[in-house]
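Here is the structure we will look at, set down as structure tokens.
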Amino acid sequence: MTANLLDFDLEGLAVFCEGLGEKRFRATQLFRWIHQRGANDFDQMSDLAKSLREKLKTTAHIAALPVLSQHMSQDGTIKWLFDVGDGNAVESVFIPEDDRGTLCVSSQAGCAVGCRFCSTGHQGFSRNLSTAEILAQLWFAEHFLRKHLGTDERVISNVVMMGMGEPLQNYSALIPALKAMLDDHGYGLSRRRVTVSTSGVVPMIDRLAQDCPVALAVSLHAPNDALRDVLVPLNRKYPLDELLQACERYLAHAPRDFITFEYCMLDGVNDQPEHARQLIDLVQRHGRQGLRCKFNLIPFNPFPASGLLRSPQPRVQAFAKALLDAGIVTTVRKTRGDDIDAACGQLAGDVRDRTRAQERMATQRHAHEQVIRFTPVTPSKDPSQ
Ligand code: SF4
């Protein structure tokens with residue numbers, strides 16, 4: 001079995017090259033061929049010595065992931081389904097905007113966290129992706145898009161680790177992938193433009209701050225522990241106060257001076273005025289003058305197994321206004337790729353569930369619905385509906 005060179009950051013590739021008896025600088029040349037020029041054939045690499053190319057042919061390969069399907073939305077969003085073997089498939093989504101091109105990348109086949117409102121969570125968990133499988137999504141998308149658009153310029157300017165999976169539960173594969181994204185000889189992305197999104201794996205937030213501090217987004221989705229325990233089960237292990245303290249510590253290392261909080265708006269569940277008040281209190285009691293943060297309110301994309309509904313637009317606007325009035329920067333996410341199921345929380349891929357999470361979610365769903373229904377907040381009458 002030869003090594004897939006997509007599995008290495010530059011340092012890892014240097015070690016690999018040294019193992020072949022080559023100088024470290026050869027790794028830089030090789031890395032640039034692979035990531036900047038999209039080469040997957042050693043014979044293309046004309047500035048590498050023929051002897052090295054011959055060695056590479058017997059010890060290494062550069063393998064992308066087989067594409068099972070590609071869907072293009074009317075708004076330009078593209079979704080790919082990649083085969084990762086053994087009956088598993090993961091999704092990546094490219095979202096073009098006027099001033100940037102963002103790729104949403106998956107880190108696991110399925111996800112073990114099992115958030116109530118997330119289609120991936122309902123699929124269960126199969127396995128972690130390797131560094132090569134994470135990087136291959138970017139490698140393929142970048143070079144496909146360049147060809148498709150007929151350009152040699154970089155197309156993807158931002159990467160968000162917000163596809164399938166909890167990236168901080170696949171830490172050892174994530175870090176080399178992030179390093180390759182940031183490397184000037186790789187994709188040369190700014191730390192501010194690479195975002196890791198987590199449901200709140202507190203110890204790993206601290207490690208990320210040390211090892212590779214990129215922009216951090218936290219899937220918050222609830223303003224109190226009772227509700228978050230139900231919506232994001234990881235909260236039972238790392239409750240809100242611990243999570244926000246980890247965010248405070250992260251800010252000392254972060255490339256941006258704020259943490260993004262993702263908040264999926266669920267009709268009658270977490271979208272009431274009382275919830276907005278609790279959120280304001282939560283962020284104001286952390287940090288010296290409140291935690292520096294930005295809220296991103298996400299319209300929920302309903303799927304039948306969730307038993308949840310999207311909050312009506314006027315309620316989302318009222319919620320945003322409450323946060324803004326308290327001085328918290330708040331945006332409402334525009335949904336993209338709705339027509340191809342590429343919107344946030346809709347990525348389901350195809351997962352051979354090894355954790356029986358699907359079964360568990362199904363049996364717990366009824367209990368969850370009871371808990372959600374009996375949370376202490378009474379849905380208020382919204383006169384604008
Ligand atoms: S929201 Fe993220 S952490 Fe939660 S189940 Fe979905 S993929 Fe996993």
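We label chains A, B, ... in the order they appear in the structure tokens, count residues from 1 in each chain, and number ligands from 1 in the order shown.
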
Write as a PyMOL selection string the residues around ligand 1, taking 10 Å as the cut-off and counting only C-alpha atoms and all ligand atoms. chain A and resi 106-125+161-169+197-201+218-221+231-234+262+264+344-348

Do you know which residues are at most 10 Å from Asp47 in chain A counting only C-alpha atoms, after dropping those on the same chain fewer than 5 positions away, and could you put them as a list in words? Arg26, Gln29, Leu30, Trp33 and Arg53 of chain A

Could you pull out the residues in range 148-211 of chain A that DSSP calls helix (DSSP H, G or I) from the backbone, as a PyMOL selection string? chain A and resi 148-149+167-169+171-182+191-193+202-211

What lies within 7 Å of range 4-9 of chain A using only C-alpha atoms, ignoring chain neighbours under 2 positions off, as an MDAnalysis selection string? chainID A and resid 2 11:13 60:63 131:132 135:136 176:177 179:180

I'd like to know which of A:Glu18, A:Glu248, A:Glu242, A:Asp43 is closest to Leu291 in chain A, using only C-alpha atoms. A:Glu248

Calculated over only C-alpha atoms, which of the candidates A:Thr195, A:Gln74, A:Gln272, A:Thr335 has the smallest distance to Pro314 in chain A?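 Once distances to Pro314 in chain A are computed over only C-alpha atoms, the minimum belongs to A:Gln272.
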
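In terms of minimum interatomic distance to Ala326 in chain A, A:Ile280 ranks closest within A:Val160, A:Met204, A:Ala252, A:Ile280, counting only C-alpha atoms.
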